[in-house]
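Okay, run_19.tsv now, which holds TSV, C-alpha atoms and all ligand atoms:
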chain	number	residue	atom	x	y	z
O	1	MET	CA	1.50	-4.67	7.57
O	2	ASP	CA	-2.20	-4.46	6.64
O	3	ALA	CA	-2.99	-4.31	2.95
O	4	LEU	CA	-2.45	-0.82	1.56
O	5	THR	CA	-4.63	0.52	-1.25
O	6	LEU	CA	-2.08	1.44	-3.89
O	7	PHE	CA	-1.72	2.80	-7.43
O	8	ASP	CA	1.17	1.27	-9.37
O	9	SER	CA	1.97	4.11	-11.78
O	10	HIS	CA	4.42	2.13	-13.94
O	11	ALA	CA	4.32	-1.57	-14.84
O	12	HIS	CA	5.02	-3.80	-17.85
O	13	TYR	CA	2.61	-6.72	-17.51
O	14	ASN	CA	3.02	-7.66	-21.16
O	15	ASP	CA	6.60	-8.75	-20.32
O	16	ARG	CA	7.19	-12.47	-20.88
O	17	ARG	CA	9.45	-12.74	-17.81
O	18	PHE	CA	6.39	-12.92	-15.53
O	19	GLY	CA	5.82	-16.45	-16.81
O	20	GLU	CA	8.96	-17.60	-14.94
O	21	GLU	CA	7.38	-17.04	-11.50
O	22	PHE	CA	3.66	-16.40	-11.92
O	23	GLU	CA	1.01	-18.82	-13.02
O	24	GLY	CA	-0.82	-17.14	-15.87
O	25	GLY	CA	2.17	-14.88	-16.66
O	26	GLY	CA	1.71	-11.11	-16.44
O	27	ARG	CA	-2.06	-11.41	-16.28
O	28	GLY	CA	-1.83	-13.81	-13.34
O	29	ALA	CA	0.63	-11.49	-11.59
O	30	PHE	CA	-1.43	-8.31	-11.80
O	31	LEU	CA	-4.70	-10.03	-10.94
O	32	ARG	CA	-3.00	-11.39	-7.81
O	33	ALA	CA	-1.69	-7.89	-6.96
O	34	HIS	CA	-5.16	-6.47	-7.53
O	35	GLU	CA	-6.59	-8.95	-5.01
O	36	GLU	CA	-3.85	-7.92	-2.59
O	37	GLY	CA	-4.87	-4.26	-2.63
O	38	VAL	CA	-3.30	-2.65	-5.68
O	39	ALA	CA	-6.39	-0.82	-6.92
O	40	PHE	CA	-5.03	0.73	-10.12
O	41	PHE	CA	-2.21	0.19	-12.59
O	42	CYS	CA	-0.69	2.05	-15.50
O	43	ASN	CA	0.74	-0.41	-18.01
O	44	VAL	CA	3.49	1.33	-19.95
O	45	GLY	CA	4.56	0.69	-23.54
O	46	SER	CA	8.14	0.84	-24.82
O	47	SER	CA	7.56	0.08	-28.52
O	48	VAL	CA	4.63	0.08	-30.95
O	49	ARG	CA	3.93	-3.59	-30.12
O	50	THR	CA	4.04	-3.22	-26.32
O	51	SER	CA	2.01	0.01	-26.53
O	52	GLU	CA	-0.71	-1.84	-28.44
O	53	GLU	CA	-0.59	-4.61	-25.81
O	54	SER	CA	-0.99	-1.99	-23.06
O	55	VAL	CA	-4.07	-0.57	-24.76
O	56	ARG	CA	-5.61	-4.04	-25.06
O	57	LEU	CA	-5.04	-4.66	-21.34
O	58	ALA	CA	-6.64	-1.30	-20.46
O	59	GLU	CA	-9.62	-2.08	-22.70
O	60	GLU	CA	-10.17	-5.32	-20.85
O	61	PHE	CA	-9.75	-4.11	-17.24
O	62	ASP	CA	-11.27	-0.88	-15.93
O	63	PHE	CA	-8.59	-0.60	-13.21
O	64	VAL	CA	-5.79	-0.51	-15.83
O	65	VAL	CA	-4.86	2.56	-17.86
O	66	ALA	CA	-2.33	2.53	-20.67
O	67	ALA	CA	0.67	4.59	-21.70
O	68	ALA	CA	1.87	4.42	-25.31
O	69	GLY	CA	5.34	5.44	-26.41
O	70	ILE	CA	8.72	4.39	-27.77
O	71	HIS	CA	11.61	3.91	-25.33
O	72	PRO	CA	15.01	5.32	-26.46
O	73	GLN	CA	16.58	1.87	-26.83
O	74	ASP	CA	13.63	0.56	-28.82
O	75	ALA	CA	13.85	3.70	-30.97
O	76	GLN	CA	17.35	2.65	-32.01
O	77	GLU	CA	16.11	-0.70	-33.33
O	78	ILE	CA	13.58	0.72	-35.77
O	79	PRO	CA	14.82	0.76	-39.42
O	80	ALA	CA	15.33	4.40	-40.51
O	81	GLU	CA	12.59	4.20	-43.14
O	82	ASP	CA	10.02	3.04	-40.53
O	83	CYS	CA	10.62	5.72	-37.87
O	84	ASP	CA	7.94	8.15	-38.95
O	85	LYS	CA	5.41	5.34	-39.43
O	86	ALA	CA	6.06	4.26	-35.81
O	87	LEU	CA	5.49	7.81	-34.56
O	88	VAL	CA	2.22	8.07	-36.53
O	89	ARG	CA	1.05	4.85	-34.86
O	90	ILE	CA	1.90	6.20	-31.39
O	91	GLU	CA	-0.07	9.35	-32.16
O	92	GLU	CA	-3.08	7.22	-33.20
O	93	LEU	CA	-2.86	5.24	-29.95
O	94	CYS	CA	-2.69	8.50	-27.96
O	95	ARG	CA	-6.19	9.34	-29.17
O	96	HIS	CA	-7.54	6.12	-27.60
O	97	GLU	CA	-9.74	6.79	-24.56
O	98	ARG	CA	-7.78	4.35	-22.33
O	99	VAL	CA	-4.39	5.91	-23.09
O	100	ARG	CA	-3.76	8.39	-20.28
O	101	ALA	CA	-0.05	9.14	-20.79
O	102	LEU	CA	2.58	9.03	-23.49
O	103	GLY	CA	5.59	6.89	-22.57
O	104	GLU	CA	7.96	5.74	-21.85
O	105	ILE	CA	10.30	8.07	-23.72
O	106	GLY	CA	13.62	9.73	-22.98
O	107	PHE	CA	17.34	9.07	-23.08
O	108	ASP	CA	19.26	5.90	-22.19
O	109	TYR	CA	23.03	6.12	-22.52
O	110	HIS	CA	23.71	3.01	-20.43
O	111	TRP	CA	23.96	0.28	-23.05
O	112	GLU	CA	26.23	0.50	-26.10
O	113	PRO	CA	25.77	1.37	-28.87
O	114	VAL	CA	24.17	4.73	-28.08
O	115	ASP	CA	22.70	6.72	-30.97
O	116	LYS	CA	22.08	10.09	-29.32
O	117	ALA	CA	20.66	11.69	-32.45
O	118	ARG	CA	18.09	8.92	-32.90
O	119	GLN	CA	17.10	9.03	-29.22
O	120	ALA	CA	16.71	12.83	-29.28
O	121	TYR	CA	14.60	12.66	-32.46
O	122	PHE	CA	12.12	10.25	-30.85
O	123	PHE	CA	12.14	12.07	-27.52
O	124	GLU	CA	11.33	15.44	-29.06
O	125	ALA	CA	8.82	14.12	-31.61
O	126	GLN	CA	6.91	12.35	-28.83
O	127	LEU	CA	6.89	15.44	-26.60
O	128	GLU	CA	5.15	17.19	-29.48
O	129	ILE	CA	2.66	14.33	-29.93
O	130	ALA	CA	1.87	14.48	-26.19
O	131	ARG	CA	1.23	18.20	-26.44
O	132	ARG	CA	-1.14	17.74	-29.38
O	133	ALA	CA	-2.93	14.90	-27.54
O	134	ASP	CA	-2.95	16.86	-24.25
O	135	LEU	CA	-1.35	13.92	-22.39
O	136	PRO	CA	1.32	13.88	-19.68
O	137	VAL	CA	4.55	12.06	-20.57
O	138	ILE	CA	6.50	9.35	-18.72
O	139	ILE	CA	10.24	9.95	-18.88
O	140	HIS	CA	12.93	7.26	-18.75
O	141	SER	CA	16.41	8.70	-18.11
O	142	ARG	CA	19.47	6.55	-17.54
O	143	ASP	CA	23.01	7.96	-17.37
O	144	ALA	CA	21.60	11.01	-19.15
O	145	ALA	CA	20.46	13.43	-16.40
O	146	GLY	CA	21.87	16.58	-18.03
O	147	ASP	CA	20.51	15.95	-21.53
O	148	THR	CA	17.12	14.93	-20.08
O	149	PHE	CA	16.87	18.12	-18.05
O	150	ASP	CA	17.85	20.24	-21.09
O	151	MET	CA	15.25	18.58	-23.31
O	152	ILE	CA	12.46	19.03	-20.75
O	153	SER	CA	13.51	22.61	-20.03
O	154	ARG	CA	13.20	23.42	-23.73
O	155	HIS	CA	9.57	22.16	-23.71
O	156	PRO	CA	7.84	24.10	-20.92
O	157	GLU	CA	4.45	23.33	-22.43
O	158	ASN	CA	4.80	19.59	-21.61
O	159	ARG	CA	4.00	17.97	-18.26
O	160	GLY	CA	4.84	14.55	-16.93
O	161	VAL	CA	6.78	12.33	-14.57
O	162	LEU	CA	10.43	11.37	-14.16
O	163	HIS	CA	9.91	7.65	-13.66
O	164	SER	CA	12.07	5.48	-11.39
O	165	PHE	CA	13.95	8.61	-10.42
O	166	SER	CA	17.65	8.10	-9.74
O	167	GLY	CA	18.80	11.73	-9.43
O	168	HIS	CA	19.52	13.81	-6.36
O	169	ALA	CA	17.22	15.95	-4.20
O	170	GLU	CA	18.12	19.20	-5.96
O	171	GLY	CA	17.26	17.66	-9.35
O	172	ALA	CA	13.88	16.53	-8.01
O	173	ARG	CA	13.19	20.05	-6.67
O	174	GLN	CA	14.03	21.60	-10.05
O	175	TYR	CA	11.57	19.28	-11.83
O	176	ASN	CA	8.92	20.07	-9.21
O	177	LYS	CA	9.43	23.78	-9.85
O	178	MET	CA	8.54	23.17	-13.50
O	179	GLY	CA	5.41	21.29	-12.35
O	180	TRP	CA	6.80	17.83	-13.08
O	181	HIS	CA	6.08	14.72	-11.00
O	182	VAL	CA	8.83	12.47	-9.65
O	183	SER	CA	8.27	8.74	-9.14
O	184	PHE	CA	10.16	6.21	-7.01
O	185	SER	CA	10.57	2.46	-7.42
O	186	GLY	CA	12.41	-0.44	-5.73
O	187	PRO	CA	15.87	1.20	-5.51
O	188	VAL	CA	14.57	3.64	-2.84
O	189	THR	CA	14.56	0.60	-0.50
O	190	TYR	CA	18.22	-0.30	-1.19
O	191	LYS	CA	20.77	0.28	1.56
O	192	ASN	CA	23.30	2.05	-0.66
O	193	ALA	CA	20.77	4.45	-2.22
O	194	ALA	CA	21.40	7.53	-0.05
O	195	LYS	CA	20.98	9.96	-2.97
O	196	VAL	CA	17.61	8.53	-4.08
O	197	LYS	CA	16.39	8.43	-0.46
O	198	GLU	CA	17.14	12.16	-0.08
O	199	ALA	CA	15.27	12.85	-3.30
O	200	ALA	CA	12.22	10.88	-2.09
O	201	ALA	CA	12.15	12.97	1.08
O	202	ALA	CA	12.45	16.23	-0.92
O	203	VAL	CA	9.72	15.81	-3.57
O	204	ARG	CA	6.73	18.13	-3.28
O	205	GLU	CA	3.76	16.36	-1.72
O	206	ASP	CA	1.37	16.89	-4.63
O	207	LEU	CA	3.92	15.70	-7.25
O	208	LEU	CA	5.01	12.41	-5.65
O	209	LEU	CA	4.28	9.04	-7.32
O	210	ILE	CA	5.36	5.45	-6.63
O	211	GLU	CA	5.71	2.51	-9.02
O	212	THR	CA	7.21	-0.93	-9.44
O	213	ASP	CA	8.56	-0.80	-13.03
O	214	CYS	CA	7.87	-4.53	-12.77
O	215	PRO	CA	9.07	-7.12	-13.70
O	216	TYR	CA	12.25	-5.10	-13.08
O	217	LEU	CA	13.70	-3.39	-9.96
O	218	PRO	CA	12.26	-5.50	-7.10
O	219	PRO	CA	12.40	-3.76	-3.70
O	220	VAL	CA	13.98	-5.18	-0.55
O	221	PRO	CA	13.24	-7.93	0.62
O	222	HIS	CA	12.57	-9.37	-2.86
O	223	ARG	CA	15.81	-8.54	-4.70
O	224	GLY	CA	16.66	-11.13	-7.31
O	225	GLU	CA	13.00	-12.09	-7.83
O	226	ILE	CA	10.60	-11.12	-10.60
O	227	ASN	CA	8.98	-7.91	-9.35
O	228	TYR	CA	5.18	-7.40	-9.37
O	229	SER	CA	2.79	-4.82	-7.95
O	230	GLY	CA	2.22	-6.88	-4.79
O	231	TYR	CA	5.70	-5.71	-3.72
O	232	LEU	CA	4.85	-2.01	-4.14
O	233	LYS	CA	3.93	-1.87	-0.42
O	234	HIS	CA	7.64	-2.09	0.44
O	235	THR	CA	8.47	0.93	-1.73
O	236	CYS	CA	5.48	2.78	-0.26
O	237	ALA	CA	6.64	2.02	3.30
O	238	ALA	CA	10.22	3.15	2.55
O	239	VAL	CA	9.08	6.44	1.00
O	240	ALA	CA	6.71	7.01	3.93
O	241	GLU	CA	9.47	6.50	6.47
O	242	LEU	CA	11.77	8.93	4.63
O	243	ARG	CA	9.02	11.55	4.69
O	244	GLY	CA	8.00	10.96	8.32
O	245	ILE	CA	4.46	9.82	7.48
O	246	SER	CA	2.65	6.49	7.81
O	247	PRO	CA	2.50	3.96	4.94
O	248	GLU	CA	-1.28	4.53	4.84
O	249	GLU	CA	-0.79	8.29	4.40
O	250	CYS	CA	1.79	7.69	1.68
O	251	ALA	CA	-0.58	5.26	-0.07
O	252	ALA	CA	-3.46	7.77	0.04
O	253	LEU	CA	-1.28	10.64	-1.13
O	254	THR	CA	0.23	8.78	-4.09
O	255	MET	CA	-3.19	7.35	-4.98
O	256	ALA	CA	-4.70	10.86	-5.19
O	257	ASN	CA	-1.71	12.16	-7.18
O	258	ALA	CA	-1.78	9.25	-9.64
O	259	LYS	CA	-5.53	9.56	-10.20
O	260	ARG	CA	-5.10	13.23	-11.01
O	261	PHE	CA	-2.09	12.50	-13.23
O	262	PHE	CA	-3.92	9.84	-15.26
O	263	GLY	CA	-7.31	11.59	-15.30
O	264	ILE	CA	-9.23	8.98	-13.26
O	265	ASP	CA	-12.18	10.24	-11.16
T	301	ZN	ZN	9.49	1.04	-17.51
Represent the structure contained in this file as structure tokens.
Ligand SMILES: [Zn+2]
Amino acid sequence: MDALTLFDSHAHYNDRRFGEEFEGGGRGAFLRAHEEGVAFFCNVGSSVRTSEESVRLAEEFDFVVAAAGIHPQDAQEIPAEDCDKALVRIEELCRHERVRALGEIGFDYHWEPVDKARQAYFFEAQLEIARRADLPVIIHSRDAAGDTFDMISRHPENRGVLHSFSGHAEGARQYNKMGWHVSFSGPVTYKNAAKVKEAAAAVREDLLLIETDCPYLPPVPHRGEINYSGYLKHTCAAVAELRGISPEECAALTMANAKRFFGID
């Protein structure tokens, strides 16, 4: 496969795990991916600290944009008296010129203990911050499809993306109807992922994104390794095949969609 020109719409290059396989850690990994044809990246925050790190990366490299937000599991670790201070800081970061999305936010009911009230408080407060900042949001939803859909349905003024989508085709169509993007990562390449494959084939052309979510979720044939944006070509090729288009067409399509989503000319 020739090098594809790709936009990785969701990565976590501040993650220390990159150091296990890449010389120079996360920085070494994304610079290598950039040389290999990944033209743009969105580095996504999950806490105040990682959001600040994302902004610093986007200040340093003009091909990186940042997302700032508090992930539902991180939201549960903040002492009660510090919650509003954390949200104020996220709102400040959202006014930074290099921050082009708010995220990642949402619901995660996978790991115990689950504090649904705390997760919903942060989810809703950050939807409101995104609206005030006029930014799209990046949604993380794990084992929480119904509650996620209800929350988004109650906020028709927000726009965004369902990242690393794991729902079915009908769910993807419903989000598209509300104008929401749907993004696919490594699992779309897995043999046993029939449901996700159907969803990737069903998403509306102008609302389709791809991502790595690296260092997590490596695609086939790199399962078990530390993921990085250099492996995004496998996800791109899998999505292309499901949609009956070439990898180059899929790369161009998702590049144009991501540039529009993140406000890059
Ligand atoms: Zn993520």
Distance filter 10 Å around ligand ZN 301 (chain T), atoms: all atoms listed in the file, out as a ChimeraX atom specification: /O:9-12,43-46,71,103-105,138-140,163-164,211-217
- Query: Around (1.3, 9.2, -4.9) in the file's own coordinates, what residues are found within 10 Å if you use all atoms listed in the file, given back as a PyMOL selection string?
  - Reply: chain O and resi 6-9+181-184+205-211+236+249-261
Item checked: Shell of 8 Å around O:Ala66, all atoms listed in the file, local chain residues under 2 positions omitted, as a ChimeraX atom specification -> /O:42-45,51,54-55,57-58,64,68,98-101
Between atom CA of O:Phe149 and atom CA of O:Tyr175 lies a distance of 8.3 Å
For a quick check of your reading of the model, name the residues lying within 12 Å of the coordinate (-3.6, 10.0, -27.9), counting all atoms listed in the file, and write them as a PDB file with C-alpha atoms, in the coordinates of the input.
ATOM      1  CA  SER O  51       2.010   0.010 -26.530  1.00  0.00           C
ATOM      2  CA  VAL O  55      -4.070  -0.570 -24.760  1.00  0.00           C
ATOM      3  CA  ALA O  66      -2.330   2.530 -20.670  1.00  0.00           C
ATOM      4  CA  ALA O  67       0.670   4.590 -21.700  1.00  0.00           C
ATOM      5  CA  ALA O  68       1.870   4.420 -25.310  1.00  0.00           C
ATOM      6  CA  GLY O  69       5.340   5.440 -26.410  1.00  0.00           C
ATOM      7  CA  LEU O  87       5.490   7.810 -34.560  1.00  0.00           C
ATOM      8  CA  VAL O  88       2.220   8.070 -36.530  1.00  0.00           C
ATOM      9  CA  ARG O  89       1.050   4.850 -34.860  1.00  0.00           C
ATOM     10  CA  ILE O  90       1.900   6.200 -31.390  1.00  0.00           C
ATOM     11  CA  GLU O  91      -0.070   9.350 -32.160  1.00  0.00           C
ATOM     12  CA  GLU O  92      -3.080   7.220 -33.200  1.00  0.00           C
ATOM     13  CA  LEU O  93      -2.860   5.240 -29.950  1.00  0.00           C
ATOM     14  CA  CYS O  94      -2.690   8.500 -27.960  1.00  0.00           C
ATOM     15  CA  ARG O  95      -6.190   9.340 -29.170  1.00  0.00           C
ATOM     16  CA  HIS O  96      -7.540   6.120 -27.600  1.00  0.00           C
ATOM     17  CA  GLU O  97      -9.740   6.790 -24.560  1.00  0.00           C
ATOM     18  CA  ARG O  98      -7.780   4.350 -22.330  1.00  0.00           C
ATOM     19  CA  VAL O  99      -4.390   5.910 -23.090  1.00  0.00           C
ATOM     20  CA  ARG O 100      -3.760   8.390 -20.280  1.00  0.00           C
ATOM     21  CA  ALA O 101      -0.050   9.140 -20.790  1.00  0.00           C
ATOM     22  CA  LEU O 102       2.580   9.030 -23.490  1.00  0.00           C
ATOM     23  CA  GLY O 103       5.590   6.890 -22.570  1.00  0.00           C
ATOM     24  CA  GLN O 126       6.910  12.350 -28.830  1.00  0.00           C
ATOM     25  CA  LEU O 127       6.890  15.440 -26.600  1.00  0.00           C
ATOM     26  CA  GLU O 128       5.150  17.190 -29.480  1.00  0.00           C
ATOM     27  CA  ILE O 129       2.660  14.330 -29.930  1.00  0.00           C
ATOM     28  CA  ALA O 130       1.870  14.480 -26.190  1.00  0.00           C
ATOM     29  CA  ARG O 131       1.230  18.200 -26.440  1.00  0.00           C
ATOM     30  CA  ARG O 132      -1.140  17.740 -29.380  1.00  0.00           C
ATOM     31  CA  ALA O 133      -2.930  14.900 -27.540  1.00  0.00           C
ATOM     32  CA  ASP O 134      -2.950  16.860 -24.250  1.00  0.00           C
ATOM     33  CA  LEU O 135      -1.350  13.920 -22.390  1.00  0.00           C
ATOM     34  CA  PRO O 136       1.320  13.880 -19.680  1.00  0.00           C
ATOM     35  CA  VAL O 137       4.550  12.060 -20.570  1.00  0.00           C
TER      36      VAL O 137
END
Mind checking which residues fall within 10 Å of stretch 36-38 of chain O, counting all atoms listed in the file, ignoring those fewer than 6 positions away in the same chain, and posting them as number ranges by chain?
-> O: 2-8, 30, 63, 229-233
Of the residues O:Pro247, O:Pro187, O:Gly26, O:Gly146, which is the one nearest to O:Arg223, using all atoms listed in the file?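 Using all atoms listed in the file, O:Arg223 sits closest to O:Pro187.
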For stretch 169-180 of chain O, supply all heavy atoms and report the output as a tab-separated table (two decimals), in the coordinates of the input.
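selection-v2.tsv written:
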chain	number	residue	atom	x	y	z
O	169	ALA	N	18.34	15.15	-4.72
O	169	ALA	CA	17.22	15.95	-4.20
O	169	ALA	C	17.09	17.27	-4.96
O	169	ALA	O	15.96	17.69	-5.28
O	169	ALA	CB	17.42	16.21	-2.71
O	170	GLU	N	18.20	17.91	-5.28
O	170	GLU	CA	18.12	19.20	-5.96
O	170	GLU	C	17.52	19.03	-7.36
O	170	GLU	O	16.73	19.87	-7.81
O	170	GLU	CB	19.53	19.84	-6.02
O	170	GLU	CG	19.56	21.29	-6.48
O	170	GLU	CD	18.46	22.17	-5.85
O	170	GLU	OE1	18.18	22.03	-4.64
O	170	GLU	OE2	17.88	22.98	-6.60
O	171	GLY	N	17.87	17.94	-8.04
O	171	GLY	CA	17.26	17.66	-9.35
O	171	GLY	C	15.75	17.48	-9.22
O	171	GLY	O	14.98	18.02	-10.02
O	172	ALA	N	15.32	16.75	-8.22
O	172	ALA	CA	13.88	16.53	-8.01
O	172	ALA	C	13.18	17.87	-7.76
O	172	ALA	O	12.09	18.12	-8.30
O	172	ALA	CB	13.68	15.59	-6.82
O	173	ARG	N	13.80	18.72	-6.96
O	173	ARG	CA	13.19	20.05	-6.67
O	173	ARG	C	13.06	20.88	-7.95
O	173	ARG	O	12.07	21.57	-8.15
O	173	ARG	CB	14.04	20.81	-5.65
O	173	ARG	CG	13.81	20.35	-4.23
O	173	ARG	CD	14.43	21.33	-3.22
O	173	ARG	NE	14.71	20.62	-1.98
O	173	ARG	CZ	15.92	20.14	-1.66
O	173	ARG	NH1	16.96	20.32	-2.45
O	173	ARG	NH2	16.06	19.49	-0.52
O	174	GLN	N	14.09	20.81	-8.80
O	174	GLN	CA	14.03	21.60	-10.05
O	174	GLN	C	12.90	21.11	-10.94
O	174	GLN	O	12.18	21.92	-11.54
O	174	GLN	CB	15.37	21.49	-10.79
O	174	GLN	CG	16.44	22.38	-10.19
O	174	GLN	CD	17.75	22.25	-10.95
O	174	GLN	OE1	18.23	21.14	-11.20
O	174	GLN	NE2	18.35	23.37	-11.31
O	175	TYR	N	12.70	19.80	-11.04
O	175	TYR	CA	11.57	19.28	-11.83
O	175	TYR	C	10.24	19.70	-11.21
O	175	TYR	O	9.31	20.09	-11.91
O	175	TYR	CB	11.66	17.75	-11.96
O	175	TYR	CG	12.64	17.32	-13.03
O	175	TYR	CD1	13.76	16.56	-12.72
O	175	TYR	CD2	12.44	17.68	-14.37
O	175	TYR	CE1	14.65	16.17	-13.70
O	175	TYR	CE2	13.34	17.29	-15.36
O	175	TYR	CZ	14.45	16.54	-15.02
O	175	TYR	OH	15.33	16.17	-15.99
O	176	ASN	N	10.15	19.63	-9.89
O	176	ASN	CA	8.92	20.07	-9.21
O	176	ASN	C	8.61	21.53	-9.53
O	176	ASN	O	7.45	21.89	-9.73
O	176	ASN	CB	9.05	19.91	-7.70
O	176	ASN	CG	8.96	18.47	-7.22
O	176	ASN	OD1	9.24	18.17	-6.07
O	176	ASN	ND2	8.57	17.55	-8.11
O	177	LYS	N	9.64	22.36	-9.56
O	177	LYS	CA	9.43	23.78	-9.85
O	177	LYS	C	8.80	23.99	-11.22
O	177	LYS	O	8.06	24.94	-11.43
O	177	LYS	CB	10.78	24.53	-9.79
O	177	LYS	CG	10.96	25.29	-8.50
O	177	LYS	CD	12.22	26.13	-8.53
O	177	LYS	CE	12.98	25.94	-7.22
O	177	LYS	NZ	14.44	26.02	-7.38
O	178	MET	N	9.12	23.08	-12.15
O	178	MET	CA	8.54	23.17	-13.50
O	178	MET	C	7.18	22.45	-13.55
O	178	MET	O	6.59	22.31	-14.62
O	178	MET	CB	9.49	22.56	-14.53
O	178	MET	CG	10.84	23.27	-14.58
O	178	MET	SD	11.85	22.79	-16.03
O	178	MET	CE	12.23	21.10	-15.66
O	179	GLY	N	6.71	21.94	-12.40
O	179	GLY	CA	5.41	21.29	-12.35
O	179	GLY	C	5.46	19.80	-12.67
O	179	GLY	O	4.41	19.17	-12.86
O	180	TRP	N	6.67	19.24	-12.72
O	180	TRP	CA	6.80	17.83	-13.08
O	180	TRP	C	6.74	16.93	-11.84
O	180	TRP	O	7.24	17.27	-10.78
O	180	TRP	CB	8.12	17.59	-13.82
O	180	TRP	CG	8.03	18.01	-15.25
O	180	TRP	CD1	7.88	19.29	-15.72
O	180	TRP	CD2	8.05	17.16	-16.39
O	180	TRP	NE1	7.81	19.27	-17.10
O	180	TRP	CE2	7.92	17.98	-17.53
O	180	TRP	CE3	8.17	15.77	-16.55
O	180	TRP	CZ2	7.89	17.44	-18.83
O	180	TRP	CZ3	8.16	15.25	-17.84
O	180	TRP	CH2	8.01	16.09	-18.96
